[in-house]
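Pasted below: target-v5.cif, mmCIF, C-alpha atoms.
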```
data_query
loop_
_atom_site.label_atom_id
_atom_site.label_comp_id
_atom_site.auth_asym_id
_atom_site.auth_seq_id
_atom_site.Cartn_x
_atom_site.Cartn_y
_atom_site.Cartn_z
CA MET A 1 0.00 0.00 0.00
CA ASN A 2 1.51 3.37 -0.94
CA THR A 3 1.80 6.25 1.54
CA LYS A 4 -1.00 8.27 -0.10
CA THR A 5 -3.45 5.39 0.15
CA PHE A 6 -2.42 4.64 3.76
CA PHE A 7 -3.02 8.17 4.99
CA ARG A 8 -6.15 8.54 2.91
CA LYS A 9 -7.67 5.53 4.71
CA LYS A 10 -6.55 6.68 8.16
CA ILE A 11 -7.97 10.16 7.60
CA LEU A 12 -11.19 8.65 6.30
CA LYS A 13 -11.60 6.64 9.50
CA SER A 14 -11.08 9.75 11.62
CA THR A 15 -13.59 11.68 9.56
CA ILE A 16 -16.21 8.96 9.91
CA ALA A 17 -15.68 8.92 13.67
CA LEU A 18 -16.06 12.72 13.80
CA ALA A 19 -19.30 12.53 11.84
CA VAL A 20 -20.68 9.99 14.28
CA CYS A 21 -19.75 12.16 17.26
CA LEU A 22 -21.55 15.09 15.69
CA GLY A 23 -24.67 12.98 15.37
CA ALA A 24 -24.39 12.77 11.62
CA HIS A 25 -26.88 10.58 9.80
CA GLY A 26 -24.91 9.51 6.77
CA TYR A 27 -23.84 12.56 4.78
CA THR A 28 -22.68 15.37 7.08
CA LYS A 29 -19.77 17.39 5.74
CA ALA A 30 -16.89 17.73 8.18
CA GLN A 31 -14.65 20.75 8.28
CA GLY A 32 -10.91 20.38 7.82
CA PHE A 33 -8.47 18.59 5.59
CA TYR A 34 -10.74 15.73 4.56
CA THR A 35 -14.41 15.92 3.63
CA THR A 36 -17.02 13.22 3.91
CA THR A 37 -19.58 12.25 1.31
CA PRO A 38 -21.14 14.85 -0.95
CA THR A 39 -24.86 15.44 -0.76
CA PRO A 40 -26.60 12.31 -2.05
CA ARG A 41 -28.61 12.47 -5.22
CA THR A 42 -32.33 12.80 -4.69
CA SER A 43 -33.38 9.84 -6.81
CA ARG A 44 -31.98 6.64 -8.24
CA PRO A 45 -31.83 6.31 -12.05
CA SER A 46 -34.59 4.16 -13.48
CA LEU A 47 -34.10 0.41 -13.58
CA ASP A 48 -34.14 0.50 -17.38
CA LYS A 49 -31.30 3.06 -17.42
CA LEU A 50 -29.30 1.13 -14.87
CA ARG A 51 -29.73 -2.12 -16.79
CA ALA A 52 -28.80 -0.55 -20.14
CA THR A 53 -25.66 0.98 -18.61
CA LEU A 54 -24.69 -2.19 -16.75
CA LEU A 55 -24.76 -4.26 -19.95
CA ASP A 56 -23.08 -1.76 -22.27
CA ALA A 57 -19.83 -0.07 -21.30
CA ASN A 58 -20.35 2.51 -24.03
CA LYS A 59 -23.42 3.88 -22.25
CA ASN A 60 -22.46 6.31 -19.48
CA PRO A 61 -18.85 5.06 -19.67
CA GLY A 62 -17.73 6.93 -16.56
CA TYR A 63 -20.44 5.47 -14.36
CA VAL A 64 -19.38 2.96 -11.70
CA PHE A 65 -22.11 1.06 -9.87
CA ILE A 66 -22.11 0.75 -6.11
CA ALA A 67 -23.10 -2.74 -4.93
CA LEU A 68 -23.63 -2.67 -1.18
CA HIS A 69 -22.08 -5.77 0.41
CA ARG A 70 -24.57 -7.79 2.52
CA ALA A 71 -26.86 -4.74 2.32
CA ALA A 72 -26.46 -1.84 4.80
CA TRP A 73 -24.92 -3.56 7.83
CA ILE A 74 -22.03 -1.50 9.27
CA ASP A 75 -24.22 0.84 11.35
CA GLY A 76 -25.41 -1.75 13.86
CA THR A 77 -27.93 -3.35 11.52
CA PRO A 78 -27.52 -7.12 11.08
CA GLU A 79 -26.05 -8.10 7.73
CA ASN A 80 -28.39 -9.80 5.22
CA SER A 81 -31.44 -8.72 7.24
CA GLU A 82 -34.71 -7.20 6.03
CA LEU A 83 -33.82 -3.95 7.79
CA ALA A 84 -30.40 -3.86 6.10
CA ILE A 85 -31.99 -4.40 2.68
CA ALA A 86 -34.58 -1.69 3.31
CA LYS A 87 -31.90 0.80 4.41
CA ALA A 88 -29.79 0.03 1.35
CA ALA A 89 -32.77 0.23 -1.01
CA ASN A 90 -33.79 3.60 0.41
CA ASN A 91 -30.33 5.08 -0.18
CA SER A 92 -30.58 6.46 -3.72
CA ASN A 93 -26.80 6.22 -4.19
CA VAL A 94 -27.00 2.42 -4.04
CA ASP A 95 -27.53 0.73 -7.41
CA ILE A 96 -27.13 -2.93 -6.40
CA ILE A 97 -27.70 -4.77 -3.13
CA GLU A 98 -25.52 -7.87 -2.79
CA ILE A 99 -26.90 -10.64 -0.57
CA ASP A 100 -25.79 -14.17 0.33
CA LEU A 101 -28.02 -17.23 0.16
CA LYS A 102 -28.31 -20.68 1.71
CA THR A 103 -31.03 -23.36 1.57
CA SER A 104 -32.73 -24.87 4.61
CA LYS A 105 -33.02 -28.61 5.09
CA ASP A 106 -36.59 -28.43 3.78
CA GLY A 107 -35.79 -26.34 0.70
CA LYS A 108 -36.38 -22.71 1.73
CA VAL A 109 -33.91 -20.18 0.29
CA TYR A 110 -32.84 -17.71 2.98
CA LEU A 111 -30.22 -15.00 3.52
CA MET A 112 -27.03 -16.11 5.25
CA HIS A 113 -23.37 -15.52 4.43
CA ASP A 114 -21.52 -18.14 6.46
CA ASP A 115 -21.77 -21.90 6.14
CA TYR A 116 -22.49 -21.93 9.87
CA LEU A 117 -25.02 -20.00 11.98
CA GLN A 118 -22.91 -19.14 15.04
CA ARG A 119 -21.47 -15.77 14.01
CA THR A 120 -24.62 -14.02 12.87
CA THR A 121 -27.37 -15.51 15.07
CA ASN A 122 -28.11 -16.61 18.65
CA PHE A 123 -27.68 -20.22 17.61
CA LEU A 124 -25.29 -21.02 20.49
CA ASP A 125 -27.91 -19.90 22.99
CA MET A 126 -30.67 -21.89 21.31
CA TYR A 127 -28.54 -25.07 21.12
CA PRO A 128 -26.12 -24.73 24.08
CA ASN A 129 -25.57 -28.38 24.92
CA THR A 130 -23.89 -29.46 21.72
CA TYR A 131 -20.26 -28.75 20.93
CA GLY A 132 -19.05 -28.33 17.38
CA THR A 133 -15.73 -28.58 15.67
CA GLY A 134 -16.40 -26.48 12.59
CA LYS A 135 -16.18 -29.66 10.53
CA ASP A 136 -19.37 -31.35 11.73
CA ASN A 137 -23.02 -30.40 11.26
CA TYR A 138 -23.46 -28.43 14.49
CA GLY A 139 -24.66 -25.04 13.31
CA LYS A 140 -24.26 -25.85 9.63
CA ALA A 141 -26.70 -23.73 7.64
CA PHE A 142 -28.02 -26.54 5.44
CA GLU A 143 -28.85 -28.91 8.33
CA TYR A 144 -31.78 -27.02 9.88
CA SER A 145 -35.41 -26.71 8.85
CA TRP A 146 -36.99 -23.36 8.14
CA ASP A 147 -39.06 -23.76 11.30
CA GLU A 148 -35.84 -24.01 13.32
CA LEU A 149 -34.11 -21.19 11.45
CA GLY A 150 -37.10 -18.89 11.78
CA LYS A 151 -36.78 -18.92 15.58
CA LEU A 152 -33.26 -17.50 15.55
CA ARG A 153 -32.46 -13.82 16.10
CA LEU A 154 -29.78 -12.02 14.12
CA LYS A 155 -26.76 -10.34 15.68
CA ASN A 156 -25.11 -7.18 14.41
CA GLU A 157 -21.39 -6.65 13.85
CA GLU A 158 -20.87 -5.95 17.56
CA LYS A 159 -22.43 -9.37 18.29
CA THR A 160 -25.45 -7.72 19.94
CA TYR A 161 -28.78 -9.47 19.55
CA THR A 162 -31.47 -7.63 17.62
CA ASP A 163 -35.16 -8.23 16.93
CA GLN A 164 -34.39 -9.09 13.31
CA LYS A 165 -35.03 -12.63 12.09
CA ILE A 166 -33.46 -14.48 9.15
CA PRO A 167 -35.31 -13.43 5.98
CA LEU A 168 -36.27 -15.55 3.02
CA LEU A 169 -35.13 -14.65 -0.48
CA LYS A 170 -38.73 -13.87 -1.41
CA ASP A 171 -38.81 -11.25 1.39
CA ALA A 172 -35.71 -9.55 -0.02
CA ILE A 173 -37.23 -9.59 -3.50
CA SER A 174 -40.40 -8.00 -2.17
CA ILE A 175 -38.46 -5.10 -0.62
CA ALA A 176 -36.25 -4.52 -3.67
CA SER A 177 -39.19 -4.65 -6.09
CA GLN A 178 -40.64 -1.47 -4.62
CA THR A 179 -37.51 0.66 -4.94
CA GLY A 180 -35.99 0.13 -8.40
CA VAL A 181 -32.71 -1.29 -7.10
CA PHE A 182 -30.91 -4.39 -8.39
CA LEU A 183 -30.61 -7.40 -6.08
CA GLN A 184 -27.43 -9.43 -6.65
CA LEU A 185 -27.38 -13.03 -5.42
CA ASP A 186 -24.13 -14.55 -4.14
CA ILE A 187 -24.61 -18.33 -4.13
CA ASN A 188 -21.94 -20.95 -3.40
CA ASP A 189 -23.72 -24.27 -4.00
CA ASP A 190 -25.73 -25.78 -6.84
CA ARG A 191 -28.81 -26.65 -4.82
CA THR A 192 -29.25 -23.07 -3.64
CA PHE A 193 -28.61 -21.77 -7.14
CA GLN A 194 -31.39 -23.92 -8.58
CA GLU A 195 -33.82 -23.10 -5.78
CA SER A 196 -33.05 -19.40 -6.17
CA VAL A 197 -33.82 -19.51 -9.88
CA ASN A 198 -37.17 -21.07 -8.95
CA VAL A 199 -37.91 -18.35 -6.38
CA VAL A 200 -37.03 -15.56 -8.79
CA LYS A 201 -39.20 -17.15 -11.47
CA ALA A 202 -42.16 -17.41 -9.10
CA ALA A 203 -41.78 -13.75 -8.18
CA ASN A 204 -41.33 -12.65 -11.81
CA ALA A 205 -38.24 -10.81 -10.60
CA PHE A 206 -35.69 -11.39 -13.38
CA PRO A 207 -35.77 -7.71 -14.45
CA PHE A 208 -34.06 -6.64 -11.20
CA VAL A 209 -32.40 -9.78 -9.78
CA MET A 210 -28.84 -10.61 -10.85
CA PHE A 211 -27.06 -13.96 -10.59
CA LYS A 212 -23.32 -14.60 -10.60
CA GLY A 213 -20.93 -17.49 -10.17
CA ASP A 214 -18.15 -19.66 -11.53
CA LYS A 215 -20.37 -21.68 -13.88
CA THR A 216 -19.49 -22.50 -17.46
CA PRO A 217 -22.13 -21.90 -20.18
CA GLN A 218 -23.00 -25.61 -20.24
CA LYS A 219 -23.37 -25.73 -16.46
CA LEU A 220 -25.50 -22.60 -16.26
CA MET A 221 -27.95 -23.89 -18.83
CA THR A 222 -28.75 -26.92 -16.64
CA PHE A 223 -30.29 -24.56 -14.10
CA LEU A 224 -32.44 -22.69 -16.62
CA THR A 225 -34.42 -25.52 -18.22
CA ALA A 226 -37.69 -24.47 -16.55
CA LEU A 227 -37.44 -20.86 -17.74
CA THR A 228 -39.29 -19.47 -20.73
CA ASP A 229 -37.28 -17.87 -23.49
CA ALA A 230 -38.55 -14.46 -22.36
CA GLU A 231 -37.29 -15.10 -18.83
CA LYS A 232 -33.87 -16.13 -20.15
CA GLN A 233 -33.73 -12.89 -22.10
CA GLN A 234 -34.32 -10.94 -18.88
CA LEU A 235 -31.84 -12.89 -16.77
CA ILE A 236 -28.50 -11.32 -15.84
CA PHE A 237 -25.64 -13.67 -14.98
CA ALA A 238 -22.09 -12.44 -14.31
CA PRO A 239 -19.49 -15.22 -14.66
CA PHE A 240 -16.65 -15.14 -12.13
CA ILE A 241 -13.20 -15.06 -13.69
CA GLY A 242 -10.26 -15.68 -11.39
CA PRO A 243 -6.95 -17.55 -11.27
CA ASN A 244 -8.81 -20.85 -10.72
CA SER A 245 -11.40 -20.49 -13.51
CA LYS A 246 -11.60 -23.83 -15.27
CA PRO A 247 -13.23 -24.33 -18.72
CA GLU A 248 -15.77 -27.10 -19.23
CA GLY A 249 -14.04 -30.49 -19.16
CA ALA A 250 -10.58 -29.04 -18.55
CA ALA A 251 -8.20 -30.56 -16.03
CA ASN A 252 -6.46 -27.27 -15.22
CA ALA A 253 -7.43 -23.66 -14.69
CA ASP A 254 -7.30 -21.40 -17.73
CA PRO A 255 -8.95 -17.99 -17.14
CA MET A 256 -8.55 -16.85 -20.75
CA LYS A 257 -10.07 -20.01 -22.19
CA PHE A 258 -12.90 -19.82 -19.66
CA TYR A 259 -13.65 -16.29 -20.86
CA GLU A 260 -13.36 -17.23 -24.54
CA ASP A 261 -15.81 -20.10 -24.05
CA TRP A 262 -18.32 -17.65 -22.62
CA GLU A 263 -17.83 -15.22 -25.49
CA ASN A 264 -18.28 -18.01 -28.04
CA TRP A 265 -21.51 -18.98 -26.32
CA ARG A 266 -22.60 -15.34 -26.36
CA ARG A 267 -22.06 -15.02 -30.10
CA ALA A 268 -24.23 -18.08 -30.67
CA ASN A 269 -26.93 -16.83 -28.24
CA SER A 270 -26.87 -13.08 -28.73
CA LYS A 271 -30.51 -12.55 -27.78
CA TYR A 272 -29.65 -13.34 -24.15
CA LYS A 273 -27.95 -10.02 -23.54
CA GLY A 274 -27.79 -10.32 -19.77
CA ILE A 275 -26.07 -13.70 -19.64
CA ALA A 276 -22.34 -12.93 -19.55
CA GLY A 277 -23.28 -9.34 -20.34
CA ILE A 278 -20.95 -8.38 -17.50
CA TYR A 279 -18.17 -10.25 -15.69
CA GLU A 280 -16.99 -10.28 -12.10
CA MET A 281 -13.22 -10.45 -11.76
CA ILE A 282 -11.26 -12.05 -8.93
CA PHE A 283 -7.82 -10.50 -8.75
CA LYS A 284 -6.21 -9.66 -5.43
CA SER A 285 -2.79 -8.34 -6.36
CA GLY A 286 -0.58 -7.46 -9.28
CA GLN A 287 0.60 -11.08 -9.35
CA ASP A 288 -2.75 -12.17 -10.82
CA THR A 289 -1.56 -11.29 -14.31
CA SER A 290 -3.55 -13.99 -16.12
CA VAL A 291 -6.80 -12.54 -14.79
CA ILE A 292 -5.78 -8.95 -15.41
CA GLN A 293 -5.08 -9.86 -19.06
CA VAL A 294 -8.60 -11.25 -19.34
CA GLY A 295 -9.93 -8.03 -17.88
CA GLU A 296 -8.21 -6.07 -20.62
CA LYS A 297 -9.92 -8.23 -23.28
CA ILE A 298 -13.31 -7.78 -21.62
CA ARG A 299 -12.88 -4.02 -21.56
CA ALA A 300 -11.76 -3.99 -25.21
CA GLY A 301 -14.93 -5.89 -26.07
CA GLY A 302 -17.14 -3.11 -24.72
CA LYS A 303 -18.27 -4.82 -21.53
CA ARG A 304 -18.13 -3.97 -17.88
CA ILE A 305 -16.21 -5.62 -15.06
CA GLY A 306 -17.34 -5.88 -11.45
CA ILE A 307 -15.34 -6.84 -8.38
CA PHE A 308 -15.74 -7.67 -4.70
CA SER A 309 -13.84 -4.97 -2.87
CA ALA A 310 -14.95 -4.91 0.76
CA GLN A 311 -11.96 -3.30 2.43
CA PRO A 312 -9.97 -6.02 4.20
CA GLU A 313 -9.18 -3.77 7.17
CA TYR A 314 -12.91 -3.48 7.93
CA TYR A 315 -13.66 -7.18 7.55
CA ARG A 316 -14.81 -8.76 10.84
CA GLY A 317 -13.94 -12.35 9.95
CA ARG A 318 -15.82 -15.61 10.24
CA TYR A 319 -14.57 -17.02 13.54
CA ILE A 320 -16.98 -16.98 16.46
CA GLY A 321 -17.92 -19.18 19.38
CA ASN A 322 -16.52 -22.66 18.96
CA VAL A 323 -16.46 -22.82 15.18
CA ASN A 324 -13.54 -21.70 13.07
CA ILE A 325 -14.47 -21.56 9.38
CA ASN A 326 -12.66 -20.39 6.29
CA GLN A 327 -11.68 -16.73 6.55
CA CYS A 328 -12.70 -14.76 3.50
CA CYS A 329 -10.14 -12.05 3.18
CA ASN A 330 -6.48 -11.60 3.95
CA ASP A 331 -5.94 -8.28 5.70
CA ASN A 332 -2.38 -7.94 4.41
CA PRO A 333 -2.57 -5.17 1.75
CA ASP A 334 0.49 -6.53 -0.02
CA VAL A 335 -1.35 -9.81 -0.64
CA ASP A 336 -4.95 -8.64 -0.96
CA ARG A 337 -5.22 -5.19 -2.52
CA ARG A 338 -8.95 -5.22 -3.17
CA GLY A 339 -9.39 -2.54 -0.50
CA ASP A 340 -7.31 -0.15 -2.61
CA PHE A 341 -9.63 1.47 -5.13
CA GLU A 342 -6.70 2.90 -7.05
CA PHE A 343 -5.42 -0.62 -7.66
CA ILE A 344 -8.70 -2.22 -8.74
CA LEU A 345 -9.44 0.67 -11.10
CA ALA A 346 -6.02 0.29 -12.73
CA PRO A 347 -4.30 -3.01 -11.82
CA ASN A 348 -0.58 -2.77 -12.49
CA ASN A 349 -1.29 0.82 -13.63
CA ASN A 350 -3.39 -0.50 -16.52
CA ARG A 351 -6.69 1.39 -16.50
CA ASN A 352 -7.83 -0.52 -19.59
CA ALA A 353 -7.93 -3.70 -17.49
CA GLY A 354 -9.54 -2.20 -14.39
CA ILE A 355 -13.01 -2.06 -12.95
CA ASN A 356 -15.60 -0.10 -14.93
CA GLY A 357 -18.76 -1.85 -13.77
CA TYR A 358 -19.72 -2.43 -10.14
CA ILE A 359 -17.73 -2.41 -6.94
CA ILE A 360 -19.06 -4.48 -4.06
CA THR A 361 -18.22 -2.52 -0.94
CA ASP A 362 -19.28 -2.22 2.69
CA GLU A 363 -19.34 1.57 2.75
CA VAL A 364 -21.26 4.09 0.71
CA THR A 365 -19.11 6.85 2.23
CA THR A 366 -15.81 5.39 1.04
CA PHE A 367 -17.22 4.66 -2.40
CA LEU A 368 -18.54 8.18 -2.95
CA GLU A 369 -15.22 9.71 -1.96
CA TYR A 370 -13.79 8.06 -5.06
CA PHE A 371 -16.84 8.66 -7.26
CA PRO A 372 -18.49 11.89 -6.05
CA ASN A 373 -20.12 12.97 -9.30
CA ARG A 374 -21.73 9.91 -10.80
CA THR A 375 -24.27 10.78 -13.47
CA ILE A 376 -26.32 8.61 -15.77
CA GLN A 377 -28.21 9.67 -18.88
#
```
Conversion result in structure tokens:
Amino acid sequence: MNTKTFFRKKILKSTIALAVCLGAHGYTKAQGFYTTTPTPRTSRPSLDKLRATLLDANKNPGYVFIALHRAAWIDGTPENSELAIAKAANNSNVDIIEIDLKTSKDGKVYLMHDDYLQRTTNFLDMYPNTYGTGKDNYGKAFEYSWDELGKLRLKNEEKTYTDQKIPLLKDAISIASQTGVFLQLDINDDRTFQESVNVVKAANAFPFVMFKGDKTPQKLMTFLTALTDAEKQQLIFAPFIGPNSKPEGAANADPMKFYEDWENWRRANSKYKGIAGIYEMIFKSGQDTSVIQVGEKIRAGGKRIGIFSAQPEYYRGRYIGNVNINQCCNDNPDVDRRGDFEFILAPNNNRNAGINGYIITDEVTTFLEYFPNRTIQ
């Protein structure tokens, strides 16, 4: 991390603290060397304008989308809760709300980030007599019925219990549908992906719900067999491209071939403009040259690139109680530079390979410091 970026982040933290002390509610301007967020815009662009811009880098080329990570959770609101989604949806600066999904034992799709329930709920209090290792089924999200899950209360980032309960995907869709914001689904297993497609279909929500993942074209199509052609034309799916991206049937990772396979599929299925109409890149440092080269080809092809960029120094981790599960993000900025906006916008000083689509972030304030004058026509 360079000196400029280091001090910029430290000053930002001090400014945020000052705003809180002054009783600020989101967008107060502080006096002094560093200034907090500019006045928010009064209304969000229409869903049609957002969609057209998201799927065509030549429309509003300077516009970068803010995707709020796990909804609005860093103010004491539980992550992936109905309240967090409502707060995010009512902030007109937010274009996309990113949420995480799991499936209950009896097939209900609900919002949950971790594979286990201990960190974000009062699970340990509800089931105190069982001890888990983090490798067994104690607290594992998929092992409990919706009746059992519905009794749990969510905790906020300070591990304080709230009155919020775990919401279903259909609840999140209902909130988003009234506000003109995109809902982006982060799904890590095939069962939840298929069940989520079914929920979105039942809600007729493809115009504002986005899917993403590491699936090849052939794999994705297996989940869409029940969709009408019109629904497929509305669907947005962003393929992940990272160092481990493996083409269909390949023994080894090949990010460029993975991308080329998607583009070949696109040329043969051009009416499905939202499927691979945007990509999400997974590069953490300048050493990820194979992915950065793919990013340059995507940009040259007139498409947008998104990225997960929750700042590692703000990440609270996934270890709680008696379960230690895979940590998401390395907080060493020399290894994981996704918290450095200057890097993800121009990896290895190559702006033609950098992010021009959405940035998934925990903080609206930080985002708008980098992009204070976003306009869309």
Subject >> Surrounding residues of Val209 (chain A) excluding itself and chain neighbours under 2 positions, 8 Å, only C-alpha atoms, as a PyMOL selection string >> reply: chain A and resi 173+182-185+200+205-207+211+235-236
Dump C-alpha atoms for the selected residues as a PDB file, in the coordinates of the input?
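New file out.pdb:
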```pdb
ATOM      1  CA  ILE A 173     -37.230  -9.590  -3.500  1.00  0.00           C
ATOM      2  CA  PHE A 182     -30.910  -4.390  -8.390  1.00  0.00           C
ATOM      3  CA  LEU A 183     -30.610  -7.400  -6.080  1.00  0.00           C
ATOM      4  CA  GLN A 184     -27.430  -9.430  -6.650  1.00  0.00           C
ATOM      5  CA  LEU A 185     -27.380 -13.030  -5.420  1.00  0.00           C
ATOM      6  CA  VAL A 200     -37.030 -15.560  -8.790  1.00  0.00           C
ATOM      7  CA  ALA A 205     -38.240 -10.810 -10.600  1.00  0.00           C
ATOM      8  CA  PHE A 206     -35.690 -11.390 -13.380  1.00  0.00           C
ATOM      9  CA  PRO A 207     -35.770  -7.710 -14.450  1.00  0.00           C
ATOM     10  CA  PHE A 211     -27.060 -13.960 -10.590  1.00  0.00           C
ATOM     11  CA  LEU A 235     -31.840 -12.890 -16.770  1.00  0.00           C
ATOM     12  CA  ILE A 236     -28.500 -11.320 -15.840  1.00  0.00           C
TER      13      ILE A 236
END
```
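Residue nearest Ile97 (chain A), chosen from A:Ala67, A:Ala84, A:Leu345, A:Ala72 and counting only C-alpha atoms: A:Ala67.
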Enclose all atoms of region 105-122 of chain A listed in the file in an axis-aligned box, grow every side by 4 Å, and hand back centre and edge lengths in Å to one decimal, as JSON.
```
{"center_x": -29.0, "center_y": -21.3, "center_z": 9.5, "size_x": 23.1, "size_y": 22.6, "size_z": 26.4}
```
Subject >> Ground truth for the PyMOL selection byres ((chain A and resi 289) around 12), written as a list in words >> reply: Gly242, Pro243, Pro255, Met256, Met281, Ile282, Phe283, Lys284, Ser285, Gly286, Gln287, Asp288, Ser290, Val291, Ile292, Gln293, Val294, Gly295, Glu296, Pro347, Asn348, Asn350 and Ala353 of chain A
Original post:
Taking all atoms listed in the file into account, which of A:Phe240, A:Phe341, A:Tyr259, A:Tyr131 comes nearest Asp186 (chain A)?
Top reply: A:Phe240
Subject >> Nearest-residue call for Trp73 (chain A), choices A:Lys303, A:Lys212, A:Lys59, A:Lys155, using all atoms listed in the file >> reply: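 For Trp73 (chain A), the nearest of the given residues is A:Lys155.
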**OP:** Determine, counting only C-alpha atoms, which protein, DNA and RNA residues have an atom within 9 Å of an atom of region 158-170 of chain A; residues of the same chain fewer than 2 positions away are not included. Present the result as a PyMOL selection string.
**Re:** chain A and resi 76-78+80-83+101+108-112+119-122+149-156+172-175+196+199-200+203
**OP:** Compile the contact shell of Pro247 (chain A) as a ChimeraX atom specification: residues with an atom at most 8 Å away, counting only C-alpha atoms, same-chain residues fewer than 4 positions apart removed.
**Re:** /A:216,253-255,257-258,261
**OP:** Provide the CA of Leu47 (chain A) to CA of Arg374 (chain A) distance in Å, to one decimal place.
**Re:** 15.8 Å
**OP:** Would you mind reading off the distance between CA of Gly274 (chain A) and CA of Ile298 (chain A), one decimal, in Å?
**Re:**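 Atom-to-atom, CA of Gly274 (chain A) and CA of Ile298 (chain A) are spaced 14.8 Å apart.
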Original post:
Just how far from CA of Gly277 (chain A) is CA of Asn58 (chain A), in Å to one decimal?
Top reply: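 Spanning CA of Asn58 (chain A) to CA of Gly277 (chain A) is a straight-line distance of 12.8 Å.
Proximity to Ser104 (chain A) was assessed for A:Thr53, A:Thr192, A:Gln178, A:Thr130 counting only C-alpha atoms; the smallest distance is recorded for A:Thr192.
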**OP:** Do a neighbour search on region 225-229 of chain A at 9 Å with all atoms listed in the file, toss out local chain neighbours closer than 3 positions, and write the hits as a PyMOL selection string.
**Re:** chain A and resi 197-198+201+221-222+232-234+272
**OP:** With the file shown as input, list the residues that the PyMOL selection byres ((chain A and resi 57) around 10) selects, as a ChimeraX atom specification.
**Re:** /A:52-56,58-63,277-278,299-305,356-357
**OP:** Taking the file as shown, find all residues satisfying the PyMOL selection byres ((chain A and resi 360) around 8) and write them as an MDAnalysis selection string.
**Re:** chainID A and resid 66:69 98 306:310 358:359 361:362
